[in-house]
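File shown: start_25.pdb (PDB, C-alpha atoms).
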```pdb
MODEL        1
ATOM      1  CA  MET A  24     -31.433 -72.857 156.476
ATOM      2  CA  LEU A  25     -32.087 -70.989 153.211
ATOM      3  CA  ARG A  26     -29.352 -68.912 151.641
ATOM      4  CA  LYS A  27     -29.839 -65.827 149.565
ATOM      5  CA  LEU A  28     -29.740 -66.618 145.858
ATOM      6  CA  SER A  29     -26.827 -64.201 145.448
ATOM      7  CA  ASP A  30     -24.802 -66.275 147.934
ATOM      8  CA  HIS A  31     -24.879 -69.330 145.686
ATOM      9  CA  PRO A  32     -21.271 -70.168 144.581
ATOM     10  CA  ILE A  33     -22.205 -70.885 140.960
ATOM     11  CA  LEU A  34     -24.010 -67.560 140.590
ATOM     12  CA  GLN A  35     -21.142 -65.747 142.306
ATOM     13  CA  ARG A  36     -18.660 -67.219 139.811
ATOM     14  CA  LEU A  37     -20.964 -66.458 136.895
ATOM     15  CA  PHE A  38     -21.404 -62.790 137.795
ATOM     16  CA  SER A  39     -18.050 -62.079 139.481
ATOM     17  CA  HIS A  40     -16.671 -60.397 136.348
ATOM     18  CA  ILE A  41     -19.562 -57.911 136.176
ATOM     19  CA  PRO A  42     -19.119 -54.776 138.277
ATOM     20  CA  PRO A  43     -21.962 -54.245 140.777
ATOM     21  CA  GLY A  44     -24.898 -52.452 139.224
ATOM     22  CA  GLN A  45     -23.575 -52.671 135.655
ATOM     23  CA  PHE A  46     -26.176 -55.161 134.409
ATOM     24  CA  LEU A  47     -28.982 -53.260 136.170
ATOM     25  CA  ARG A  48     -27.848 -50.013 134.511
ATOM     26  CA  TYR A  49     -27.733 -51.919 131.224
ATOM     27  CA  LEU A  50     -31.339 -53.076 131.689
ATOM     28  CA  LEU A  51     -32.495 -49.539 132.543
ATOM     29  CA  VAL A  52     -30.812 -48.163 129.427
ATOM     30  CA  GLY A  53     -32.433 -51.015 127.487
ATOM     31  CA  VAL A  54     -35.892 -50.026 128.708
ATOM     32  CA  TRP A  55     -35.216 -46.407 127.757
ATOM     33  CA  ASN A  56     -33.847 -47.398 124.361
ATOM     34  CA  THR A  57     -36.797 -49.675 123.631
ATOM     35  CA  ALA A  58     -39.231 -46.829 124.305
ATOM     36  CA  PHE A  59     -37.066 -44.389 122.335
ATOM     37  CA  GLY A  60     -36.711 -46.823 119.424
ATOM     38  CA  TYR A  61     -40.426 -47.474 119.222
ATOM     39  CA  ALA A  62     -41.240 -43.748 119.427
ATOM     40  CA  THR A  63     -38.789 -42.914 116.645
ATOM     41  CA  PHE A  64     -40.163 -45.802 114.560
ATOM     42  CA  VAL A  65     -43.692 -44.404 114.921
ATOM     43  CA  LEU A  66     -42.473 -40.891 114.079
ATOM     44  CA  PHE A  67     -40.492 -41.949 110.992
ATOM     45  CA  VAL A  68     -43.307 -44.172 109.719
ATOM     46  CA  PHE A  69     -45.779 -41.331 110.196
ATOM     47  CA  LEU A  70     -43.558 -38.880 108.319
ATOM     48  CA  LEU A  71     -42.500 -41.247 105.536
ATOM     49  CA  SER A  72     -45.944 -42.765 104.996
ATOM     50  CA  ARG A  73     -47.113 -39.432 103.632
ATOM     51  CA  ARG A  74     -44.694 -39.874 100.728
ATOM     52  CA  TRP A  75     -44.858 -43.689 100.498
ATOM     53  CA  PRO A  76     -48.207 -44.682 102.036
ATOM     54  CA  ARG A  77     -47.839 -48.458 101.672
ATOM     55  CA  TYR A  78     -44.129 -48.844 102.339
ATOM     56  CA  GLY A  79     -43.083 -45.968 104.609
ATOM     57  CA  TYR A  80     -42.538 -48.425 107.440
ATOM     58  CA  ILE A  81     -39.512 -49.941 105.651
ATOM     59  CA  PRO A  82     -37.278 -46.836 105.535
ATOM     60  CA  GLY A  83     -38.874 -45.748 108.821
ATOM     61  CA  GLY A  84     -37.746 -48.972 110.453
ATOM     62  CA  LEU A  85     -34.254 -48.665 109.030
ATOM     63  CA  LEU A  86     -33.825 -45.036 110.110
ATOM     64  CA  SER A  87     -35.220 -45.654 113.592
ATOM     65  CA  SER A  88     -32.938 -48.682 114.022
ATOM     66  CA  VAL A  89     -29.807 -46.738 113.108
ATOM     67  CA  LEU A  90     -30.820 -43.857 115.389
ATOM     68  CA  SER A  91     -31.741 -46.190 118.273
ATOM     69  CA  ILE A  92     -28.512 -48.165 117.988
ATOM     70  CA  THR A  93     -26.548 -44.911 118.012
ATOM     71  CA  VAL A  94     -28.384 -43.557 121.063
ATOM     72  CA  ALA A  95     -27.926 -46.897 122.844
ATOM     73  CA  PHE A  96     -24.251 -46.897 121.865
ATOM     74  CA  PHE A  97     -23.611 -43.558 123.584
ATOM     75  CA  ALA A  98     -25.521 -44.642 126.697
ATOM     76  CA  TYR A  99     -23.553 -47.907 126.857
ATOM     77  CA  LYS A 100     -20.249 -46.153 126.250
ATOM     78  CA  TRP A 101     -20.750 -43.338 128.753
ATOM     79  CA  LEU A 102     -22.990 -44.878 131.434
ATOM     80  CA  ILE A 103     -22.482 -48.652 131.387
ATOM     81  CA  PHE A 104     -19.060 -49.693 130.140
ATOM     82  CA  LYS A 105     -17.354 -46.269 130.488
ATOM     83  CA  THR A 106     -14.784 -46.799 127.762
ATOM     84  CA  HIS A 107     -12.493 -44.185 126.265
ATOM     85  CA  GLY A 108     -11.753 -45.931 122.986
ATOM     86  CA  ASP A 109     -12.319 -45.179 119.337
ATOM     87  CA  TYR A 110     -15.949 -44.135 118.841
ATOM     88  CA  LEU A 111     -16.308 -45.369 115.260
ATOM     89  CA  LYS A 112     -14.730 -48.768 115.953
ATOM     90  CA  GLU A 113     -16.915 -49.309 119.028
ATOM     91  CA  TRP A 114     -20.056 -48.143 117.192
ATOM     92  CA  LEU A 115     -19.371 -50.574 114.341
ATOM     93  CA  ARG A 116     -18.843 -53.370 116.864
ATOM     94  CA  CYS A 117     -22.119 -52.401 118.521
ATOM     95  CA  VAL A 118     -23.858 -52.720 115.133
ATOM     96  CA  VAL A 119     -22.248 -56.158 114.681
ATOM     97  CA  VAL A 120     -23.604 -57.345 118.051
ATOM     98  CA  TYR A 121     -27.113 -56.120 117.235
ATOM     99  CA  SER A 122     -26.937 -57.545 113.709
ATOM    100  CA  SER A 123     -25.841 -60.956 114.954
ATOM    101  CA  ASN A 124     -28.695 -60.921 117.466
ATOM    102  CA  ILE A 125     -31.133 -60.133 114.668
ATOM    103  CA  ALA A 126     -29.718 -63.004 112.591
ATOM    104  CA  ILE A 127     -30.092 -65.395 115.519
ATOM    105  CA  GLY A 128     -33.670 -64.214 116.005
ATOM    106  CA  LEU A 129     -34.481 -64.794 112.335
ATOM    107  CA  VAL A 130     -33.455 -68.421 112.774
ATOM    108  CA  VAL A 131     -34.669 -69.142 116.312
ATOM    109  CA  LEU A 132     -38.016 -67.300 116.338
ATOM    110  CA  PRO A 133     -39.639 -69.342 113.545
ATOM    111  CA  ILE A 134     -38.520 -72.555 115.273
ATOM    112  CA  LEU A 135     -39.870 -71.327 118.594
ATOM    113  CA  VAL A 136     -43.179 -70.275 117.012
ATOM    114  CA  PHE A 137     -43.492 -73.683 115.312
ATOM    115  CA  LEU A 138     -42.852 -75.477 118.610
ATOM    116  CA  LEU A 139     -45.309 -73.271 120.497
ATOM    117  CA  ARG A 140     -48.004 -73.878 117.889
ATOM    118  CA  HIS A 141     -47.502 -77.631 117.860
ATOM    119  CA  MET A 142     -46.824 -78.290 121.543
ATOM    120  CA  THR A 143     -49.386 -75.914 123.087
ATOM    121  CA  THR A 144     -52.835 -74.588 122.298
ATOM    122  CA  ILE A 145     -51.331 -71.236 121.373
ATOM    123  CA  ASP A 146     -51.713 -70.510 117.673
ATOM    124  CA  GLN A 147     -52.356 -66.894 116.729
ATOM    125  CA  LYS A 148     -50.409 -65.563 119.695
ATOM    126  CA  ALA A 149     -47.394 -67.858 119.226
ATOM    127  CA  PRO A 150     -45.236 -65.191 117.524
ATOM    128  CA  TYR A 151     -45.848 -62.785 120.397
ATOM    129  CA  VAL A 152     -45.137 -65.381 123.073
ATOM    130  CA  GLY A 153     -42.032 -66.540 121.193
ATOM    131  CA  ALA A 154     -40.702 -62.997 120.903
ATOM    132  CA  ALA A 155     -41.406 -62.389 124.590
ATOM    133  CA  LEU A 156     -39.509 -65.569 125.501
ATOM    134  CA  MET A 157     -36.557 -64.441 123.402
ATOM    135  CA  THR A 158     -36.384 -61.091 125.196
ATOM    136  CA  GLY A 159     -34.462 -62.542 128.148
ATOM    137  CA  PHE A 160     -31.985 -64.253 125.830
ATOM    138  CA  ASN A 161     -31.586 -61.037 123.828
ATOM    139  CA  ALA A 162     -30.829 -58.956 126.933
ATOM    140  CA  ILE A 163     -28.131 -61.352 128.148
ATOM    141  CA  TYR A 164     -26.686 -61.967 124.660
ATOM    142  CA  ASN A 165     -26.453 -58.242 123.888
ATOM    143  CA  PHE A 166     -24.985 -57.417 127.299
ATOM    144  CA  LEU A 167     -22.259 -60.035 126.954
ATOM    145  CA  GLY A 168     -21.658 -59.092 123.318
ATOM    146  CA  HIS A 169     -21.223 -55.436 124.200
ATOM    147  CA  LYS A 170     -19.122 -56.187 127.279
ATOM    148  CA  LYS A 171     -16.825 -58.702 125.570
ATOM    149  CA  PHE A 172     -16.775 -57.288 122.030
ATOM    150  CA  SER A 173     -18.199 -53.799 121.442
ATOM    151  CA  PHE A 174     -16.675 -52.145 124.508
ATOM    152  CA  ARG A 175     -13.965 -54.615 125.446
ATOM    153  CA  SER A 176     -10.930 -53.202 127.168
ATOM    154  CA  ALA A 177      -7.575 -53.472 125.504
ATOM    155  CA  PRO A 178      -5.578 -56.341 126.989
ATOM    156  CA  GLN A 179      -3.168 -55.181 129.639
ATOM    157  CA  ALA A 180       0.469 -55.637 128.707
ATOM    158  CA  GLN A 181       2.245 -58.051 130.984
ATOM    159  CA  PRO A 182       5.453 -56.694 132.486
ATOM    160  CA  GLU A 183       8.502 -58.328 131.065
ATOM    161  CA  THR A 184      10.576 -60.393 133.395
ATOM    162  CA  VAL A 185      14.275 -59.923 133.146
ATOM    163  CA  THR A 186      16.579 -62.728 134.096
ATOM    164  CA  THR A 187      20.242 -62.164 134.564
ATOM    165  CA  VAL A 188      22.742 -64.828 133.919
ATOM    166  CA  ILE A 189      25.787 -64.788 136.134
TER
ENDMDL
END
```

The structure in this file should be written as structure tokens.
Amino acid sequence: MLRKLSDHPILQRLFSHIPPGQFLRYLLVGVWNTAFGYATFVLFVFLLSRRWPRYGYIPGGLLSSVLSITVAFFAYKWLIFKTHGDYLKEWLRCVVVYSSNIAIGLVVLPILVFLLRHMTTIDQKAPYVGAALMTGFNAIYNFLGHKKFSFRSAPQAQPETVTTVI
């Protein structure tokens, strides 16, 4: 008889530390933030390209990234992880998680594109396919990074045990 995938013991252990619905809410916020980030990128590039026609996309990309990370940060803090900690410290940690993901992508994506070009018939579309393949990794990596680092709970103090000597 077939079991539901969610009944599998390995998957239960893997996801037991994630409150029900938290990862789904995270994915929904991610979809929103992706659309928001792209829209702000287009807006900033449009506005800045009037002043710097050939290079407006560079400051536009930087500004939209900072704004998108900040918007995502508030959504994660208030809707996903529901922390009450220091805003600046958590925001900086959020930037660290995103920055480390970008660094990983800068290393892994060229390798993935090379492999796709040499092991398949994909050539021109290899960067797009590689980036699409990395999307799943990015979602899981960022979720775990935010859960375990950006918005981690302070460790609970263990009650002291008192022993009396008679």

Which residues of range 48-135 of chain A have any atom within 10 Å of an atom in range 148-153 of chain A when counting only C-alpha atoms, and what is the closest pair of atoms for each, with the distance in Å to one decimal? Order the rows by chain and rising number and write it as a tab-separated table.
```
residue	atom	partner	partner_atom	distance
A:Val131	CA	A:Gly153	CA	9.2
A:Leu132	CA	A:Gly153	CA	6.3
A:Pro133	CA	A:Pro150	CA	8.0
A:Ile134	CA	A:Gly153	CA	9.1
A:Leu135	CA	A:Gly153	CA	5.9
```

Next, the residues of the selection above should be written as a PDB file, in the coordinates of the input with C-alpha atoms.
```pdb
ATOM      1  CA  VAL A 131     -34.669 -69.142 116.312  1.00  0.00           C
ATOM      2  CA  LEU A 132     -38.016 -67.300 116.338  1.00  0.00           C
ATOM      3  CA  PRO A 133     -39.639 -69.342 113.545  1.00  0.00           C
ATOM      4  CA  ILE A 134     -38.520 -72.555 115.273  1.00  0.00           C
ATOM      5  CA  LEU A 135     -39.870 -71.327 118.594  1.00  0.00           C
TER       6      LEU A 135
END
```

Check which residues of range 148-170 of chain A sit at most 12 Å from range 49-56 of chain A using all atoms listed in the file, and return one row each with the closest pair of atoms and their distance in Å to one decimal, ordered by chain and rising number, as CSV.
```
residue,atom,partner,partner_atom,distance
A:Thr158,CA,A:Gly53,CA,11.1
A:Gly159,CA,A:Leu50,CA,10.6
A:Asn161,CA,A:Gly53,CA,10.7
A:Ala162,CA,A:Leu50,CA,7.6
A:Ile163,CA,A:Leu50,CA,9.6
A:Asn165,CA,A:Tyr49,CA,9.8
A:Phe166,CA,A:Tyr49,CA,7.3
A:Leu167,CA,A:Tyr49,CA,10.7
A:His169,CA,A:Tyr49,CA,10.2
A:Lys170,CA,A:Tyr49,CA,10.4
```

- Message: Which residues, named as in the file, does the PyMOL selection byres ((chain A and resi 62) around 12) pick out? Answer as a list in words.
- Response: Trp55, Asn56, Thr57, Ala58, Phe59, Gly60, Tyr61, Thr63, Phe64, Val65, Leu66, Phe67, Val68, Phe69, Gly83, Gly84, Leu86, Ser87, Ser88, Leu90 and Ser91 of chain A

- Mind giving me the straight-line distance from CA of Cys117 in chain A to CA of Ser173 in chain A in Å, one decimal? 5.1 Å

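Between Gln45 in chain A and the candidates A:Ala98, A:Ile103, A:Ile81, A:Val89, the tightest atom-to-atom separation, counting all atoms listed in the file, involves A:Ile103.
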
- Excluding range 106-114 of chain A and any residue of its chain fewer than 2 positions from it, enumerate the residues within 7 Å of it, using all atoms listed in the file, and give them as a ChimeraX atom specification. /A:96,100-101,104,116-118,173-174

- Message: Quick check, in Å to one decimal: how far apart do CA of Ser176 in chain A and CA of Val120 in chain A lie?
- Response: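 According to the coordinates, CA of Ser176 in chain A and CA of Val120 in chain A are separated by 16.2 Å.
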
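Take CA of Leu156 in chain A and CA of Val136 in chain A: the distance between them is 10.4 Å.
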
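Each of A:Ala154, A:Ile127, A:Met142, A:Leu102 was compared to Phe46 in chain A using all atoms listed in the file, and A:Leu102 turns out to be the nearest.
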